[in-house]
file protein.csv (CSV, C-alpha atoms)
chain,number,residue,atom,x,y,z
A,1,MET,CA,88.3,227.1,147.9
A,2,SER,CA,88.8,229.3,144.9
A,3,GLY,CA,91.7,230.3,142.6
A,4,ARG,CA,93.1,228.6,139.6
A,5,ARG,CA,92.9,224.8,140.3
A,6,THR,CA,93.4,221.8,138.2
A,7,ALA,CA,90.6,219.4,137.4
A,8,PHE,CA,92.1,216.8,139.7
A,9,GLU,CA,92.1,219.3,142.6
A,10,ILE,CA,88.5,220.0,142.0
A,11,TYR,CA,87.6,216.3,141.9
A,12,TRP,CA,89.4,215.9,145.2
A,13,GLU,CA,87.5,218.8,146.8
A,14,ILE,CA,84.2,217.4,145.6
A,15,LEU,CA,84.9,213.9,146.7
A,16,VAL,CA,86.1,215.0,150.2
A,17,PHE,CA,83.1,217.2,150.6
A,18,CYS,CA,80.7,214.5,149.5
A,19,ARG,CA,81.7,212.1,152.3
A,20,THR,CA,78.4,213.0,153.7
A,21,PRO,CA,75.5,213.5,151.2
A,22,GLN,CA,75.5,216.9,149.6
A,23,SER,CA,73.2,218.8,147.4
A,24,PHE,CA,74.2,220.2,144.0
A,25,THR,CA,74.0,223.8,145.2
A,26,GLY,CA,76.1,222.9,148.3
A,27,ILE,CA,78.8,221.4,146.2
A,28,ILE,CA,79.1,224.2,143.7
A,29,ASN,CA,79.1,226.8,146.5
A,30,ARG,CA,81.7,225.0,148.5
A,31,CYS,CA,84.0,224.3,145.5
A,32,ASP,CA,83.4,227.7,143.9
A,33,LEU,CA,82.1,226.4,140.6
A,34,ASN,CA,79.5,227.6,138.2
A,35,SER,CA,76.5,225.4,137.5
A,36,LYS,CA,77.7,224.3,134.1
A,37,THR,CA,81.1,223.2,135.1
A,38,GLY,CA,79.7,221.8,138.4
A,39,GLN,CA,77.4,219.6,136.4
A,40,GLU,CA,80.2,218.4,134.2
A,41,TYR,CA,82.4,217.4,137.1
A,42,LEU,CA,79.6,215.7,138.9
A,43,ARG,CA,78.5,213.8,135.8
A,44,PHE,CA,82.1,212.6,135.3
A,45,LEU,CA,82.4,211.4,138.9
A,46,VAL,CA,79.0,209.7,138.8
A,47,GLU,CA,79.9,207.9,135.5
A,48,LYS,CA,83.2,206.7,137.1
A,49,GLU,CA,81.3,205.5,140.1
A,50,TYR,CA,83.2,207.8,142.5
A,51,LEU,CA,79.9,209.4,143.4
A,52,VAL,CA,76.4,208.0,143.7
A,53,GLU,CA,73.1,209.9,143.5
A,54,VAL,CA,71.0,209.4,146.6
A,55,ALA,CA,67.3,210.5,146.5
A,56,GLU,CA,66.2,212.2,149.7
A,57,GLY,CA,62.5,212.9,149.2
A,58,ASP,CA,62.3,214.9,146.0
A,59,ARG,CA,65.9,216.1,146.2
A,60,ILE,CA,69.0,214.4,144.9
A,61,ARG,CA,72.1,214.4,146.9
A,62,TYR,CA,75.6,213.2,146.0
A,63,LEU,CA,77.6,210.8,148.1
A,64,ALA,CA,81.2,209.6,147.6
A,65,THR,CA,81.7,205.8,147.2
A,66,GLU,CA,84.4,203.6,148.6
A,67,ARG,CA,86.3,204.0,145.4
A,68,ALA,CA,86.6,207.7,146.0
A,69,GLY,CA,88.7,206.9,149.1
A,70,GLU,CA,91.5,205.5,146.9
A,71,TYR,CA,91.6,208.7,144.8
A,72,THR,CA,91.5,211.1,147.8
A,73,ALA,CA,94.2,209.1,149.7
A,74,LEU,CA,96.5,209.0,146.6
A,75,PHE,CA,95.9,212.7,146.0
A,76,GLY,CA,96.7,213.7,149.6
A,77,SER,CA,99.9,211.7,149.7
A,78,LEU,CA,101.1,213.1,146.4
A,79,TYR,CA,100.4,216.7,147.5
A,80,ARG,CA,101.9,216.3,151.0
A,81,LYS,CA,105.0,214.7,149.4
A,82,LEU,CA,105.7,218.1,147.7
A,83,PHE,CA,107.0,219.1,151.1
A,84,ASP,CA,109.3,216.1,151.7
A,85,ALA,CA,112.3,218.3,150.9
A,86,SER,CA,113.2,221.7,152.3
A,87,PRO,CA,113.5,224.6,149.9
A,88,ARG,CA,117.0,225.0,148.5
A,89,PHE,CA,117.3,228.6,149.8
A,90,LYS,CA,117.7,229.6,153.5
A,91,LEU,CA,114.6,230.7,155.2
B,1,MET,CA,105.9,212.3,156.8
B,2,HIS,CA,102.9,214.4,157.8
B,3,GLU,CA,104.7,216.2,160.6
B,4,SER,CA,107.7,217.2,158.6
B,5,ALA,CA,105.5,218.3,155.7
B,6,LEU,CA,103.4,220.4,158.1
B,7,ILE,CA,106.5,222.0,159.6
B,8,ARG,CA,107.9,222.9,156.2
B,9,PHE,CA,104.6,224.2,154.9
B,10,GLY,CA,104.0,226.3,158.0
B,11,SER,CA,107.5,227.7,157.9
B,12,GLU,CA,107.3,228.6,154.2
B,13,ILE,CA,103.9,230.3,154.5
B,14,ARG,CA,105.0,232.3,157.5
B,15,HIS,CA,108.2,233.5,155.8
B,16,PHE,CA,106.4,234.3,152.6
B,17,TYR,CA,103.9,236.3,154.7
B,18,VAL,CA,106.7,238.3,156.3
B,19,VAL,CA,108.3,239.0,152.9
B,20,THR,CA,105.0,240.1,151.5
B,21,VAL,CA,104.5,242.5,154.4
B,22,ALA,CA,108.0,243.9,154.0
B,23,ASN,CA,107.2,244.4,150.3
B,24,ILE,CA,104.1,246.4,151.2
B,25,VAL,CA,106.1,248.5,153.7
B,26,PHE,CA,108.7,249.2,151.1
B,27,ALA,CA,106.1,250.2,148.6
B,28,ALA,CA,104.5,252.5,151.2
B,29,LEU,CA,107.9,254.1,151.8
B,30,VAL,CA,108.4,254.8,148.1
B,31,MET,CA,105.0,256.4,148.0
B,32,ALA,CA,105.6,258.4,151.1
B,33,PHE,CA,108.9,259.6,149.7
B,34,GLY,CA,107.2,260.7,146.5
B,35,ILE,CA,104.4,262.5,148.4
B,36,SER,CA,106.9,264.4,150.6
B,37,VAL,CA,108.8,265.6,147.5
B,38,LEU,CA,105.5,266.4,145.7
B,39,VAL,CA,104.4,268.6,148.7
B,40,GLY,CA,107.8,270.3,148.8
B,41,GLU,CA,107.6,271.0,145.0
B,42,ALA,CA,104.1,272.3,145.3
B,43,VAL,CA,105.2,274.8,148.0
B,44,SER,CA,108.1,275.8,145.7
B,45,MET,CA,105.7,276.2,142.8
B,46,TYR,CA,103.4,278.4,144.9
B,47,GLU,CA,106.4,280.6,145.9
B,48,THR,CA,107.6,280.8,142.3
B,49,PHE,CA,104.3,282.1,141.0
B,50,SER,CA,103.3,284.2,144.0
B,51,THR,CA,106.6,286.1,144.2
B,52,ALA,CA,107.1,286.0,140.4
B,53,GLN,CA,110.8,286.2,140.9
B,54,TYR,CA,112.8,283.0,140.2
B,55,VAL,CA,111.7,279.6,139.1
B,56,ILE,CA,112.7,277.5,142.1
B,57,TYR,CA,110.9,274.3,141.5
B,58,SER,CA,112.1,271.5,139.2
B,59,PRO,CA,109.7,269.9,136.7
B,60,VAL,CA,112.0,266.9,136.5
B,61,VAL,CA,111.9,266.3,140.3
B,62,LEU,CA,108.2,266.8,140.2
B,63,PHE,CA,107.8,264.2,137.5
B,64,VAL,CA,110.0,261.7,139.3
B,65,ALA,CA,108.1,262.2,142.5
B,66,LEU,CA,104.8,261.7,140.7
B,67,VAL,CA,106.1,258.5,139.2
B,68,ALA,CA,107.2,257.4,142.6
B,69,VAL,CA,103.7,258.0,144.1
B,70,LEU,CA,101.9,256.2,141.3
B,71,THR,CA,104.4,253.3,141.2
B,72,GLY,CA,104.2,253.0,145.0
B,73,LEU,CA,100.4,253.0,144.9
B,74,ARG,CA,100.2,250.4,142.1
B,75,TRP,CA,102.8,248.3,143.9
B,76,ILE,CA,100.8,248.4,147.2
B,77,LEU,CA,97.6,247.4,145.4
B,78,THR,CA,99.4,244.5,143.5
B,79,SER,CA,101.2,243.3,146.7
B,80,PHE,CA,98.0,243.4,148.6
B,81,GLY,CA,96.4,240.8,146.3
B,82,VAL,CA,99.3,238.4,147.0
B,83,PHE,CA,99.2,239.4,150.7
B,84,GLU,CA,95.5,238.7,151.2
B,85,GLY,CA,95.7,235.2,149.9
B,86,VAL,CA,98.8,234.3,151.9
B,87,GLU,CA,97.2,235.8,155.0
B,88,ALA,CA,94.0,233.8,154.7
B,89,ILE,CA,96.1,230.6,154.3
B,90,LYS,CA,98.3,231.5,157.3
B,91,ASP,CA,95.3,232.4,159.4
B,92,ASP,CA,93.6,229.0,158.5
B,93,LEU,CA,96.8,227.2,159.5
B,94,ASP,CA,97.3,229.2,162.7
B,95,GLY,CA,93.6,228.6,163.6
B,96,MET,CA,94.1,224.9,163.6
B,97,GLY,CA,96.7,225.0,166.3
B,98,GLY,CA,99.2,222.2,166.5
B,99,GLU,CA,96.8,219.5,165.4
B,100,VAL,CA,96.4,219.7,161.6
B,101,PRO,CA,94.7,216.6,160.1
B,102,ASP,CA,96.2,215.2,156.8
B,103,GLU,CA,93.2,216.4,154.8
B,104,ALA,CA,93.3,219.9,156.2
B,105,LEU,CA,97.0,220.1,155.3
B,106,THR,CA,96.3,218.9,151.8
B,107,ARG,CA,93.5,221.5,151.5
B,108,LEU,CA,95.9,224.3,152.5
B,109,ILE,CA,98.6,223.1,150.1
B,110,VAL,CA,96.0,223.1,147.3
B,111,SER,CA,94.9,226.6,148.3
B,112,MET,CA,98.5,227.8,148.3
B,113,LEU,CA,99.1,226.3,144.8
B,114,ALA,CA,95.9,227.9,143.5
B,115,HIS,CA,97.0,231.2,145.0
B,116,TYR,CA,100.5,230.9,143.4
B,117,ARG,CA,99.0,230.0,140.0
B,118,ASP,CA,96.8,233.1,140.2
B,119,ASN,CA,99.7,235.4,141.2
B,120,ARG,CA,102.6,233.9,139.3
B,121,ALA,CA,103.0,236.8,137.0
B,122,THR,CA,102.6,239.3,139.8
B,123,ILE,CA,105.4,237.6,141.8
B,124,ARG,CA,107.7,237.6,138.8
B,125,THR,CA,107.0,241.4,138.5
B,126,MET,CA,107.7,241.9,142.2
B,127,ILE,CA,111.1,240.2,141.8
B,128,LEU,CA,112.0,242.7,139.1
B,129,VAL,CA,110.6,245.7,140.8
B,130,CYS,CA,112.2,244.8,144.2
B,131,THR,CA,115.6,244.4,142.5
B,132,LEU,CA,115.3,247.7,140.6
B,133,GLY,CA,113.9,249.5,143.7
B,134,GLY,CA,116.7,248.1,145.9
B,135,VAL,CA,119.4,249.2,143.5
B,136,CYS,CA,117.9,252.6,143.0
B,137,SER,CA,117.4,253.1,146.8
B,138,PHE,CA,121.0,252.0,147.4
B,139,LEU,CA,122.3,254.5,144.8
B,140,LEU,CA,120.0,257.2,146.2
B,141,GLY,CA,121.2,256.4,149.8
B,142,ILE,CA,124.8,256.8,148.8
B,143,ALA,CA,124.1,260.0,146.8
B,144,VAL,CA,122.0,261.5,149.6
B,145,GLY,CA,124.8,261.4,152.2
B,146,LEU,CA,127.8,262.0,149.9
B,147,GLU,CA,129.1,265.6,150.1
B,148,HIS,CA,132.2,265.2,148.1
B,149,PHE,CA,133.6,262.4,146.0
B,150,SER,CA,136.7,262.4,143.8
B,151,VAL,CA,138.8,259.8,142.1
B,152,SER,CA,142.5,260.6,141.4
B,153,ALA,CA,145.8,258.9,140.9
B,154,ASP,CA,146.3,259.0,144.7
B,155,GLY,CA,143.1,257.1,145.3
B,156,ILE,CA,139.5,257.7,146.1
B,157,SER,CA,138.4,260.4,148.6
B,158,PHE,CA,134.9,261.3,149.8
B,159,THR,CA,133.2,263.1,152.7
B,160,ILE,CA,129.8,262.4,154.1
B,161,ASN,CA,127.5,265.1,155.3
B,162,ASN,CA,126.9,264.3,159.0
B,163,TYR,CA,123.4,265.8,159.0
B,164,LEU,CA,122.4,263.4,156.3
B,165,VAL,CA,123.8,260.2,157.8
B,166,ILE,CA,120.4,259.1,159.3
B,167,PRO,CA,118.4,259.6,156.0
B,168,MET,CA,121.2,257.9,154.2
B,169,LEU,CA,121.1,254.9,156.6
B,170,LEU,CA,117.3,254.8,156.3
B,171,THR,CA,117.5,254.7,152.5
B,172,LEU,CA,120.2,252.0,152.6
B,173,GLY,CA,117.9,250.1,155.0
B,174,VAL,CA,115.1,250.3,152.5
B,175,ALA,CA,117.4,249.1,149.8
B,176,LEU,CA,118.4,246.1,151.9
B,177,VAL,CA,114.8,245.2,152.6
B,178,SER,CA,114.0,245.5,149.0
B,179,LEU,CA,116.9,243.3,147.8
B,180,ALA,CA,116.1,240.7,150.5
B,181,SER,CA,112.5,240.7,149.3
B,182,SER,CA,113.6,240.1,145.8
B,183,TYR,CA,115.9,237.3,146.9
B,184,TYR,CA,113.1,235.5,148.8
B,185,PHE,CA,110.5,236.0,146.2
B,186,LEU,CA,112.9,234.5,143.7
B,187,GLY,CA,113.5,231.5,146.0
B,188,PHE,CA,109.8,231.0,146.6
B,189,ALA,CA,109.0,231.3,142.9
B,190,ARG,CA,111.6,228.7,142.0
B,191,VAL,CA,110.4,226.2,144.7
B,192,TRP,CA,106.7,226.7,143.8
B,193,ASP,CA,107.4,226.3,140.1
B,194,GLU,CA,109.2,223.0,140.8
B,195,ARG,CA,106.2,221.9,142.8
B,196,LEU,CA,103.9,222.7,139.9
B,197,ASP,CA,106.1,220.7,137.7
B,198,GLU,CA,106.0,217.8,140.2
B,199,ILE,CA,102.2,218.0,140.2
B,200,GLU,CA,102.1,217.7,136.4
B,201,VAL,CA,104.0,214.5,136.7
B,202,SER,CA,101.7,213.3,139.5
B,203,GLU,CA,98.7,214.1,137.4
B,204,ALA,CA,99.5,211.1,135.2
B,205,LEU,CA,99.0,208.8,138.1
B,206,LEU,CA,95.8,210.6,139.2
B,207,LYS,CA,94.5,210.3,135.7
B,208,GLU,CA,95.2,206.6,135.7
B,209,THR,CA,93.4,206.2,139.0
B,210,LEU,CA,90.4,208.1,137.8
B,211,GLU,CA,90.0,206.8,134.3
B,212,LEU,CA,91.7,203.4,133.9
B,213,ASP,CA,91.4,201.8,137.3
B,214,ARG,CA,88.2,199.9,136.5
B,215,ARG,CA,87.7,196.6,138.2
call {"tool": "encode", "arguments": {"input": "protein.csv", "output": "structure tokens"}}
result
Amino acid sequence: MSGRRTAFEIYWEILVFCRTPQSFTGIINRCDLNSKTGQEYLRFLVEKEYLVEVAEGDRIRYLATERAGEYTALFGSLYRKLFDASPRFKL
Amino acid sequence: MHESALIRFGSEIRHFYVVTVANIVFAALVMAFGISVLVGEAVSMYETFSTAQYVIYSPVVLFVALVAVLTGLRWILTSFGVFEGVEAIKDDLDGMGGEVPDEALTRLIVSMLAHYRDNRATIRTMILVCTLGGVCSFLLGIAVGLEHFSVSADGISFTINNYLVIPMLLTLGVALVSLASSYYFLGFARVWDERLDEIEVSEALLKETLELDRR
């Protein structure tokens, strides 16, 4: 996903993608981030315990924790709620 | 809730897609009109200089036609950027068939919001250009077919050139499409702006969940 997104949208994208363990490169490619911002987002999510680092051999992978489920569920319900009402003009 | 959100989202995306296509067609017509006039004027210029008799081309018409070609081209390129994003989202939605999981729908909504944020200014410009283009085409359509027009104390009288009825109707059709595009773009822009405002409010809750919900 690309385009102008908010930080919360990027967090959601990362957390959903990391339901299965993912490498740093995989995450930044999938979420269309550069390494610097990718590192900042991952550091934040790891600090907040929404992601854990899992060592697989000599590689580090990121995995979403149970707490991430609360955030992704809330995010999804808020965004789908945007379409609760029909637009006020006739389609 | 998911079903109705999916139906509304799908309906909006498909309508937005149709309006964007109509906008590209309108821009192409403006460009085609400009090119046809340019070619006609080029022939007139050639005849003017080869026969060295009378100046039978109009620099003003030439200039207007050139502006129409460039505006049409620029308009197509701008509209295409909006069209590409909407087409990708529509294709993703269509590719999922009737079964769209919650998460996939959320992803499509986020994509559409990101696309709207990227093209907000362009869509605002499109609203203006479509309105102006529609009004100009309407006036041109009337002017093309009108042979005689007079206003007197007895009332208004006019005659229409029968040979030009079809071009007049075509031009009026273009005007109608353009004004309809403008109306729909305005409607979509208002709705998506409201959604962006709603998201800003929701962000407070998301922030709270991310930063303050420590147990």
call {"tool": "atom_distance", "arguments": {"input": "protein.csv", "atom1": "atom CA of Leu206 of chain B", "atom2": "atom CA of Glu9 of chain A"}}
result
10.0 Å
call {"tool": "interface_residues", "arguments": {"input": "protein.csv", "of": "chain B", "to": "chain A", "cutoff": "6 Å", "atoms": "all atoms listed in the file", "output": "ChimeraX atom specification"}}
result
/B:5,106,114-115,118
call {"tool": "atom_distance", "arguments": {"input": "protein.csv", "atom1": "atom CA of Arg30 of chain A", "atom2": "atom CA of Ile14 of chain A"}}
result
8.5 Å
call {"tool": "residues_around", "arguments": {"input": "protein.csv", "residues": "segment 178-188 of chain B", "least_positions_apart": "2", "cutoff": "10 Å", "atoms": "all atoms listed in the file", "output": "MDAnalysis selection string"}}
result
(chainID A and resid 87:91) or (chainID B and resid 12:13 15:16 18:23 25:27 116 123:135 137:138 172:176 190:194)
call {"tool": "atom_distance", "arguments": {"input": "protein.csv", "atom1": "atom CA of Ile7 of chain B", "atom2": "atom CA of Val177 of chain B"}}
result
25.6 Å
call {"tool": "closest_residue", "arguments": {"input": "protein.csv", "among": "B:Val69, B:Glu211, B:Thr122, B:Ser111", "to": "Glu47 of chain A", "atoms": "all atoms listed in the file"}}
result
B:Glu211
call {"tool": "closest_residue", "arguments": {"input": "protein.csv", "among": "B:Phe83, B:Phe149, B:Trp75, B:Phe63", "to": "Met31 of chain B", "atoms": "all atoms listed in the file"}}
result
B:Trp75
call {"tool": "build_atoms", "arguments": {"input": "protein.csv", "residues": "segment 157-173 of chain B", "atoms": "N, CA and C atoms", "output": "compact mmCIF listing (two decimals), in the coordinates of the input"}}
result
# COMPACT_ATOMS: atom_id res chain seq x y z
N SER B 157 138.69 259.70 147.32
CA SER B 157 138.40 260.40 148.60
C SER B 157 136.94 260.86 148.56
N PHE B 158 136.32 260.81 149.73
CA PHE B 158 134.90 261.30 149.80
C PHE B 158 134.66 261.77 151.24
N THR B 159 133.69 262.65 151.33
CA THR B 159 133.20 263.10 152.70
C THR B 159 131.73 262.92 152.73
N ILE B 160 131.27 262.63 153.94
CA ILE B 160 129.80 262.40 154.10
C ILE B 160 129.28 263.53 155.00
N ASN B 161 128.14 264.04 154.58
CA ASN B 161 127.50 265.10 155.30
C ASN B 161 126.88 264.48 156.62
N ASN B 162 127.37 264.94 157.76
CA ASN B 162 126.90 264.30 159.00
C ASN B 162 125.44 264.49 159.28
N TYR B 163 124.86 265.58 158.79
CA TYR B 163 123.40 265.80 159.00
C TYR B 163 122.56 264.81 158.24
N LEU B 164 123.16 264.25 157.19
CA LEU B 164 122.40 263.40 156.30
C LEU B 164 122.68 261.88 156.53
N VAL B 165 123.41 261.59 157.61
CA VAL B 165 123.80 260.20 157.80
C VAL B 165 122.51 259.34 158.13
N ILE B 166 121.60 259.90 158.95
CA ILE B 166 120.40 259.10 159.30
C ILE B 166 119.51 258.85 158.08
N PRO B 167 119.18 259.91 157.27
CA PRO B 167 118.40 259.60 156.00
C PRO B 167 119.14 258.63 155.12
N MET B 168 120.47 258.75 155.10
CA MET B 168 121.20 257.90 154.20
C MET B 168 121.11 256.40 154.72
N LEU B 169 121.21 256.22 156.04
CA LEU B 169 121.10 254.90 156.60
C LEU B 169 119.69 254.31 156.37
N LEU B 170 118.68 255.19 156.51
CA LEU B 170 117.30 254.80 156.30
C LEU B 170 117.11 254.28 154.83
N THR B 171 117.63 255.08 153.91
CA THR B 171 117.50 254.70 152.50
C THR B 171 118.24 253.42 152.19
N LEU B 172 119.42 253.26 152.82
CA LEU B 172 120.20 252.00 152.60
C LEU B 172 119.42 250.83 153.23
N GLY B 173 118.73 251.09 154.35
CA GLY B 173 117.90 250.10 155.00
C GLY B 173 116.78 249.62 154.06
